[in-house]
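**Q** Take this structure, written in structure tokens, and hold onto it; I'll ask about it next.
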Protein chains: 4
Amino acid sequence: MSERRISLDELNAASREVFVATLGDIFEHAPWVAEAAAASRPFATVAALHGAMMRAVETAPANRQLAFLGGHPELAGKVARAGAMTAASVDEQGSLGLDRLSEAEFQRFGTLNAAYRARYGFPFIVCVRRHTRDSILDQFARRLENAREVELKAALAEIGYITRLRLVTEVDGPGVPQTTGRLSTHVLDTVLGRPAGGVRVVLEEIGASGRGRLVDTRTNPDGRTDVPLMGGAPLRIGTYELAFHIGGYFAERRLVAAEPAFLDVVPIRFAIAEPEGHYHVPLLASPWSYTTYRGS
Amino acid sequence: MSERRISLDELNAASREVFVATLGDIFEHAPWVAEAAAASRPFATVAALHGAMMRAVETAPANRQLAFLGGHPELAGKVARAGAMTAASVDEQGSLGLDRLSEAEFQRFGTLNAAYRARYGFPFIVCVRRHTRDSILDQFARRLENAREVELKAALAEIGYITRLRLVTEVDGPGVPQTTGRLSTHVLDTVLGRPAGGVRVVLEEIGASGRGRLVDTRTNPDGRTDVPLMGGAPLRIGTYELAFHIGGYFAERRLVAAEPAFLDVVPIRFAIAEPEGHYHVPLLASPWSYTTYRGS
Amino acid sequence: MSERRISLDELNAASREVFVATLGDIFEHAPWVAEAAAASRPFATVAALHGAMMRAVETAPANRQLAFLGGHPELAGKVARAGAMTAASVDEQGSLGLDRLSEAEFQRFGTLNAAYRARYGFPFIVCVRRHTRDSILDQFARRLENAREVELKAALAEIGYITRLRLVTEVDGPGVPQTTGRLSTHVLDTVLGRPAGGVRVVLEEIGASGRGRLVDTRTNPDGRTDVPLMGGAPLRIGTYELAFHIGGYFAERRLVAAEPAFLDVVPIRFAIAEPEGHYHVPLLASPWSYTTYRGS
Amino acid sequence: MSERRISLDELNAASREVFVATLGDIFEHAPWVAEAAAASRPFATVAALHGAMMRAVETAPANRQLAFLGGHPELAGKVARAGAMTAASVDEQGSLGLDRLSEAEFQRFGTLNAAYRARYGFPFIVCVRRHTRDSILDQFARRLENAREVELKAALAEIGYITRLRLVTEVDGPGVPQTTGRLSTHVLDTVLGRPAGGVRVVLEEIGASGRGRLVDTRTNPDGRTDVPLMGGAPLRIGTYELAFHIGGYFAERRLVAAEPAFLDVVPIRFAIAEPEGHYHVPLLASPWSYTTYRGS
């Protein structure tokens, strides 16, 4: 994020040169997008500004559009290794560990990239901030089966996600598009009819090749966590597991008769499909029963 | 199990010699237990026969009782390796993999055995058929903190479990004590209000050092499994996980909107504490919510 | 029900005269149905016998079919009052209280009957044993909107239900069609993880004009009722309410902190739509939470 | 409520005469309570002010305490009919319909009042704003079994509730004691994994002699009601029923296969025991299953 975000008002009032200088990097190597949008000022909302920039891309002549798509780095590609990406791209790919791939994974991405470029004539583009590594690979395989025009739309949709995220780090103002998601929980003790405080809650990402611990916390007296389990950024599409350590909670209240307790660590495995959504995943528990659901 | 179980009627009518020859091995190296019980015939139930044998042990003079306890093999001990156990003991310890311990595990058991014998003057006795490897180690550590008289009772209780199991494989008749447990499940689709058939269900034992797959099956049209997940023997005290693959079930019925589905594999982790109990662990599921409980 | 049911074997072997004398009343005032079926003997199942009789009706010439339908008594009609129905029809209509209507209700049925006969040319026929009074009125109003050919099929389907019920009271043998339903329950205590015994359970029928108590019982130690709440006959389509008195149950176990208890009598209101179905309506309850569902 | 509440600061700074004139009616016919409290100024919180006034009552000599209790009107008593109560008492008793009792109910209260006064020497005092009519009668019968010293404490506790409510309508400032409760709900559709909007929700009070409708509303798109079902005042101890009309909700979404639907109106009956508590009573529902609980 910039030191300071520029306000939409300032952008609306700025000279064309300042406007383009400020937003020229939002669309990868394509300052002409900002130039086109400059003419449509003033914008009432940040979302309207982003919409105008996207329209410039969507209505560009085919060869210009293709050159624009072609200007994007390959995912985990040679360009990444050689250091020729924009700073934003470097940051985005690094967030997923795509710059720390094993040689085998690097080969796998290389093969997919080559197949993709051979089929569509432009590199595979995806908004990596909205994905786990597994869901990227999943998308890659699935999108390789699209017809070209379907895939062109898919690529532009991803451009939309990528640039929306970049834009909101640069520009402040009314009508900022929703780019963040949230995962929250709530533990309720159905024996005593009140929130279960002090319950350890561990969140892990579940990948094809292993698990990664993301959060290890405890519920507060209201049965919630003091901060959302995830938030402040898009959620990454993928599979997760929450582990609720309710055995200890009930043991402390002498509510468990069996030894070992029937329920100790309760795992709840679920997938996130909407990076900008709110996932509320509560647990209603007694020592012998529990219910979970996607709440709101 | 014997080729054929002898009937309680036959035992009641048999000569003292035949009675003792038949039941002399039920209590490890202690035919005097059968001898004592022979005098109390006839028995109306197999449970009464077992009770009479247990009373003979419980009321034996202290030194005889101690000699009897001392006649039991050490768990995973040198005797086991050297092959001096009764056939029943060999079979019991082998069922848990105690004859296939790593050198480190063998050392661990050795240390515990030595500490136990030093403290109480007799070997650690546990009915291994009612335990997983983890719960044996757990018991071992916990029982080492018992006062001697508490531990003596604990050892005799385990003798009761062990010999009850041996007895029911030898003797048939009315009033056979309950020596087997059962784990069953039922999957209900709360969207359609009917049993969920064809759902893959995998049962694993969860140990401190890993997981072991015990069952991999599918529910039948009634939402149950054709045979209980576990049964026909004592359940082993320990932690288990059932994995219900409901994602595919709902996808086939076009009941899932999200991609990836919020719920795919639903893990239910629970502990078994009563080897002779019935654990019914059902799943009531929609694509976004589920409930589980210990049923009956 | 007859003193003794005749066996299918006997019917298969009987003379045509005996066969018709035995089954001639199954279809109201239409011994020709039994005559037609007699020629198709032998029948392997009772269901096949019933199917042959239904086919005789369905394939009869239009005027004969119409005369057959016209031979049925009006629901709660003048014929009923005048005493000209078959004994079976008298019994069936009485089971619902249709012979004890108030003058206003009698008028309402009279108006509907007249409208129906005017529209379709035959009386409204419904298998009353499968309905509550409310669902009869509901059906009546709804079926009056059917096209004639749709309604002709509906009337024949009801004839099928009526005669199937009559047939199984007369004939015994393999392949008896399913004509009975069942309502059962199960109360589970999720605090203690076991069946809740001794819980009072009251079943009522909920009608537009009031409630009628059908059952007032208690759960046994297995959390079930000793006999099904309803069974041994078709369930009546309609709305019901089960009231589970769990407040007292939890109070006896000192599991309730609040005064008055949050949950005392738990009402579960549900409708039965399949008279031959099994409705299992369990309650999983703690003092502060419960779950119910249609089980199996 | 007064036109304008006086601030705690003003009261702290006021002359003794103004202080007593302002708060002299808070304790029924007992300006000496305000006089005693005036000396303890300044108060940091409204709760501290109330505490000081209560201490004045609790530490008063026995005969003064008794005279104070004796100064309270009988519930639904002759004084009420004759119009000699303070305005606040009139308002409080009227809120419950105690001024519109049938002759039989008036007699019942009269008998209880007489028995109570005969036993304890002062009238039955209860904070009626925290009760339904049924819970008043329930309290009356139960408290008549108390030993005198227990009952004296109970009467003073009720004085505390009554005067706390009066005080917060007169005085504003920091540390206002919690005198209001709240009932809220949330309807979640577990088939679609989202809030169920547009569901009709009816709240009734369930009394021994009948039901009274309190609220008839619909859920908003977030599955909640725009305003709490009850709030802004103490909740009345008593039994309530929420009726959720989910049948129509699911029918509109073509999620119901059966006719009539298994679930149409879902009644949730519960009791409120804590007038100042938050009762969140949600419904998680599919067409065939639901869960409810006291949430937070």
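Just remember, in the structure tokens the first chain shown is A, the second B, etc., residues are 1-based per chain, and ligands are 1-based in the order shown.
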As a PyMOL selection string, could you give me every residue of chain A near chain C (at most 7 Å apart, counting only C-alpha atoms)?
**A** chain A and resi 190-191+193+286-289
**Q** Those same residues - N, CA, C and O atoms - I'd like them written as a PDB file, in the first residue's frame.
**A**
```
ATOM      1  N   THR A 190     -24.191 -25.566  24.593  1.00  0.00           N
ATOM      2  CA  THR A 190     -25.637 -25.823  24.654  1.00  0.00           C
ATOM      3  C   THR A 190     -26.056 -26.511  25.957  1.00  0.00           C
ATOM      4  O   THR A 190     -27.239 -26.706  26.187  1.00  0.00           O
ATOM      5  N   VAL A 191     -25.092 -26.866  26.795  1.00  0.00           N
ATOM      6  CA  VAL A 191     -25.447 -27.401  28.119  1.00  0.00           C
ATOM      7  C   VAL A 191     -25.826 -26.252  29.050  1.00  0.00           C
ATOM      8  O   VAL A 191     -26.825 -26.312  29.763  1.00  0.00           O
ATOM      9  N   GLY A 193     -26.179 -23.031  27.900  1.00  0.00           N
ATOM     10  CA  GLY A 193     -26.925 -22.017  27.184  1.00  0.00           C
ATOM     11  C   GLY A 193     -26.221 -20.675  27.134  1.00  0.00           C
ATOM     12  O   GLY A 193     -26.853 -19.636  27.188  1.00  0.00           O
ATOM     13  N   SER A 286     -22.338 -29.608  22.799  1.00  0.00           N
ATOM     14  CA  SER A 286     -22.422 -30.217  24.121  1.00  0.00           C
ATOM     15  C   SER A 286     -21.309 -31.266  24.155  1.00  0.00           C
ATOM     16  O   SER A 286     -20.621 -31.453  23.159  1.00  0.00           O
ATOM     17  N   PRO A 287     -21.091 -31.954  25.285  1.00  0.00           N
ATOM     18  CA  PRO A 287     -20.019 -32.960  25.294  1.00  0.00           C
ATOM     19  C   PRO A 287     -20.283 -34.146  24.358  1.00  0.00           C
ATOM     20  O   PRO A 287     -19.404 -34.949  24.100  1.00  0.00           O
ATOM     21  N   TRP A 288     -21.515 -34.254  23.835  1.00  0.00           N
ATOM     22  CA  TRP A 288     -21.894 -35.437  23.047  1.00  0.00           C
ATOM     23  C   TRP A 288     -22.501 -35.108  21.699  1.00  0.00           C
ATOM     24  O   TRP A 288     -22.981 -35.988  20.995  1.00  0.00           O
ATOM     25  N   SER A 289     -22.537 -33.859  21.351  1.00  0.00           N
ATOM     26  CA  SER A 289     -23.242 -33.478  20.131  1.00  0.00           C
ATOM     27  C   SER A 289     -22.768 -32.113  19.664  1.00  0.00           C
ATOM     28  O   SER A 289     -22.382 -31.276  20.476  1.00  0.00           O
TER      29      SER A 289
END
```
**Q** Just the residues within 6 Å of region 126-143 of chain B, please, counting only C-alpha atoms, with nothing from its chain fewer than 6 positions along; format it as a ChimeraX atom specification.
**A** /B:158,162,234-238,275
**Q** When you look at region 108-111 of chain A with a cut-off of 9 Å (counting only C-alpha atoms), what residues show up, excluding the ones that are within fewer than 2 positions of it in the same chain? I need them as a list in words.
**A**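 That gives Glu74, Leu75, Ala76, Gly77, Lys78, Glu103, Ala104, Glu105, Phe106, Asn113, Ala114, Ala115, Tyr116 and Leu137 of chain A.
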**Q** Generate the output file for the selected residues, N, CA and C atoms, as a PDB file, in the first residue's frame.
**A**
```
ATOM      1  N   GLU A  74       4.170 -14.629 -16.660  1.00  0.00           N
ATOM      2  CA  GLU A  74       3.663 -15.983 -16.435  1.00  0.00           C
ATOM      3  C   GLU A  74       3.673 -16.254 -14.949  1.00  0.00           C
ATOM      4  N   LEU A  75       2.693 -17.015 -14.525  1.00  0.00           N
ATOM      5  CA  LEU A  75       2.647 -17.414 -13.117  1.00  0.00           C
ATOM      6  C   LEU A  75       3.866 -18.276 -12.855  1.00  0.00           C
ATOM      7  N   ALA A  76       4.622 -17.902 -11.831  1.00  0.00           N
ATOM      8  CA  ALA A  76       5.782 -18.699 -11.465  1.00  0.00           C
ATOM      9  C   ALA A  76       6.679 -18.957 -12.657  1.00  0.00           C
ATOM     10  N   GLY A  77       6.759 -17.972 -13.516  1.00  0.00           N
ATOM     11  CA  GLY A  77       7.450 -18.205 -14.786  1.00  0.00           C
ATOM     12  C   GLY A  77       8.878 -17.691 -14.773  1.00  0.00           C
ATOM     13  N   LYS A  78       9.503 -17.777 -15.959  1.00  0.00           N
ATOM     14  CA  LYS A  78      10.896 -17.347 -16.058  1.00  0.00           C
ATOM     15  C   LYS A  78      11.023 -15.862 -15.784  1.00  0.00           C
ATOM     16  N   GLU A 103      11.601 -27.447  -7.539  1.00  0.00           N
ATOM     17  CA  GLU A 103      11.909 -27.583  -8.972  1.00  0.00           C
ATOM     18  C   GLU A 103      10.771 -28.311  -9.690  1.00  0.00           C
ATOM     19  N   ALA A 104      10.199 -29.367  -9.021  1.00  0.00           N
ATOM     20  CA  ALA A 104       9.109 -30.128  -9.647  1.00  0.00           C
ATOM     21  C   ALA A 104       7.889 -29.239  -9.872  1.00  0.00           C
ATOM     22  N   GLU A 105       7.539 -28.444  -8.853  1.00  0.00           N
ATOM     23  CA  GLU A 105       6.380 -27.561  -8.996  1.00  0.00           C
ATOM     24  C   GLU A 105       6.633 -26.513 -10.080  1.00  0.00           C
ATOM     25  N   PHE A 106       7.867 -26.029 -10.108  1.00  0.00           N
ATOM     26  CA  PHE A 106       8.218 -25.039 -11.111  1.00  0.00           C
ATOM     27  C   PHE A 106       8.041 -25.637 -12.511  1.00  0.00           C
ATOM     28  N   ASN A 113       1.822 -23.474 -18.205  1.00  0.00           N
ATOM     29  CA  ASN A 113       1.941 -22.183 -18.871  1.00  0.00           C
ATOM     30  C   ASN A 113       2.141 -22.345 -20.374  1.00  0.00           C
ATOM     31  N   ALA A 114       2.999 -23.279 -20.737  1.00  0.00           N
ATOM     32  CA  ALA A 114       3.290 -23.486 -22.160  1.00  0.00           C
ATOM     33  C   ALA A 114       2.038 -23.971 -22.887  1.00  0.00           C
ATOM     34  N   ALA A 115       1.336 -24.930 -22.256  1.00  0.00           N
ATOM     35  CA  ALA A 115       0.122 -25.460 -22.882  1.00  0.00           C
ATOM     36  C   ALA A 115      -0.916 -24.360 -23.046  1.00  0.00           C
ATOM     37  N   TYR A 116      -1.005 -23.523 -22.025  1.00  0.00           N
ATOM     38  CA  TYR A 116      -2.006 -22.455 -22.045  1.00  0.00           C
ATOM     39  C   TYR A 116      -1.690 -21.437 -23.148  1.00  0.00           C
ATOM     40  N   LEU A 137      -3.855 -24.248  -9.163  1.00  0.00           N
ATOM     41  CA  LEU A 137      -3.607 -25.398 -10.034  1.00  0.00           C
ATOM     42  C   LEU A 137      -4.924 -25.968 -10.550  1.00  0.00           C
TER      43      LEU A 137
END
```
**Q** With 8 Å as the cut-off and only C-alpha atoms counted, what is the closest atom pair between each nearby residue of region 134-252 of chain A and region 38-49 of chain A? Distances in Å to one decimal, ordered by chain and number, as a Markdown table.
**A**
```
| residue | atom | partner | partner_atom | distance |
| --- | --- | --- | --- | --- |
| A:Val168 | CA | A:Val46 | CA | 7.9 |
| A:Val171 | CA | A:Val46 | CA | 7.3 |
| A:Asp172 | CA | A:Val46 | CA | 7.4 |
| A:Gly173 | CA | A:Val46 | CA | 6.3 |
| A:Pro174 | CA | A:Thr45 | CA | 5.2 |
| A:Gly175 | CA | A:Thr45 | CA | 4.5 |
| A:Val176 | CA | A:Val46 | CA | 5.0 |
| A:Pro177 | CA | A:Ala47 | CA | 5.4 |
```
**Q** Could you please determine the separation between CA of Arg5 (chain C) and CA of Arg166 (chain C) in Å, to one decimal place?
**A**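 Answer for the CA of Arg5 (chain C) to CA of Arg166 (chain C) separation: 11.3 Å.
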**Q** Residues of region 119-244 of chain C classed as alpha helix (DSSP H) by DSSP on the backbone are to be reported as a ChimeraX atom specification.
**A** /C:119-120,133-143,148-170
**Q** I want to know what sits within 8 Å of region 25-32 of chain A, based on only C-alpha atoms, with residues of the same chain fewer than 4 positions away left out; could you give that as a PDB file with N, CA and C atoms, in the first residue's frame?
**A**
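Written output follows (around_9.pdb):
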```pdb
ATOM      1  N   VAL A  20      -2.702  10.174 -14.989  1.00  0.00           N
ATOM      2  CA  VAL A  20      -2.091   9.008 -15.649  1.00  0.00           C
ATOM      3  C   VAL A  20      -0.837   8.557 -14.903  1.00  0.00           C
ATOM      4  N   ALA A  36      -7.311   6.589 -21.172  1.00  0.00           N
ATOM      5  CA  ALA A  36      -8.692   6.515 -21.672  1.00  0.00           C
ATOM      6  C   ALA A  36      -9.680   6.900 -20.580  1.00  0.00           C
ATOM      7  N   PHE A  68      -1.965  -6.374 -24.409  1.00  0.00           N
ATOM      8  CA  PHE A  68      -2.085  -6.084 -22.979  1.00  0.00           C
ATOM      9  C   PHE A  68      -2.016  -7.376 -22.162  1.00  0.00           C
ATOM     10  N   GLY A  71       1.325  -8.819 -21.984  1.00  0.00           N
ATOM     11  CA  GLY A  71       2.275  -8.098 -21.138  1.00  0.00           C
ATOM     12  C   GLY A  71       2.311  -8.588 -19.707  1.00  0.00           C
ATOM     13  N   HIS A  72       1.437  -9.543 -19.368  1.00  0.00           N
ATOM     14  CA  HIS A  72       1.417 -10.057 -17.990  1.00  0.00           C
ATOM     15  C   HIS A  72       2.448 -11.152 -17.796  1.00  0.00           C
ATOM     16  N   THR A  86       6.255  -6.115 -12.509  1.00  0.00           N
ATOM     17  CA  THR A  86       5.993  -4.893 -11.748  1.00  0.00           C
ATOM     18  C   THR A  86       6.076  -5.255 -10.272  1.00  0.00           C
ATOM     19  N   THR A 163      -6.857  -5.625 -10.677  1.00  0.00           N
ATOM     20  CA  THR A 163      -6.737  -4.165 -10.718  1.00  0.00           C
ATOM     21  C   THR A 163      -7.611  -3.499  -9.666  1.00  0.00           C
ATOM     22  N   ARG A 166      -5.546  -3.483  -6.676  1.00  0.00           N
ATOM     23  CA  ARG A 166      -4.474  -2.488  -6.756  1.00  0.00           C
ATOM     24  C   ARG A 166      -5.052  -1.091  -6.568  1.00  0.00           C
ATOM     25  N   LEU A 167      -6.201  -0.858  -7.192  1.00  0.00           N
ATOM     26  CA  LEU A 167      -6.788   0.480  -7.153  1.00  0.00           C
ATOM     27  C   LEU A 167      -7.130   0.907  -5.723  1.00  0.00           C
TER      28      LEU A 167
END
```
**Q** Report as an MDAnalysis selection string all protein, DNA and RNA residues lying within 9 Å of Gly223 (chain C), evaluated on only C-alpha atoms, omitting residues in the same chain fewer than 2 positions from it.
**A** (chainID B and resid 296) or (chainID C and resid 185:189 194:199 218:221 225)
**Q** If I take CA of His278 (chain C) and CA of Ala233 (chain C), how far is one from the other in Å, to one decimal?
**A**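 These two atoms are separated by 11.6 Å.
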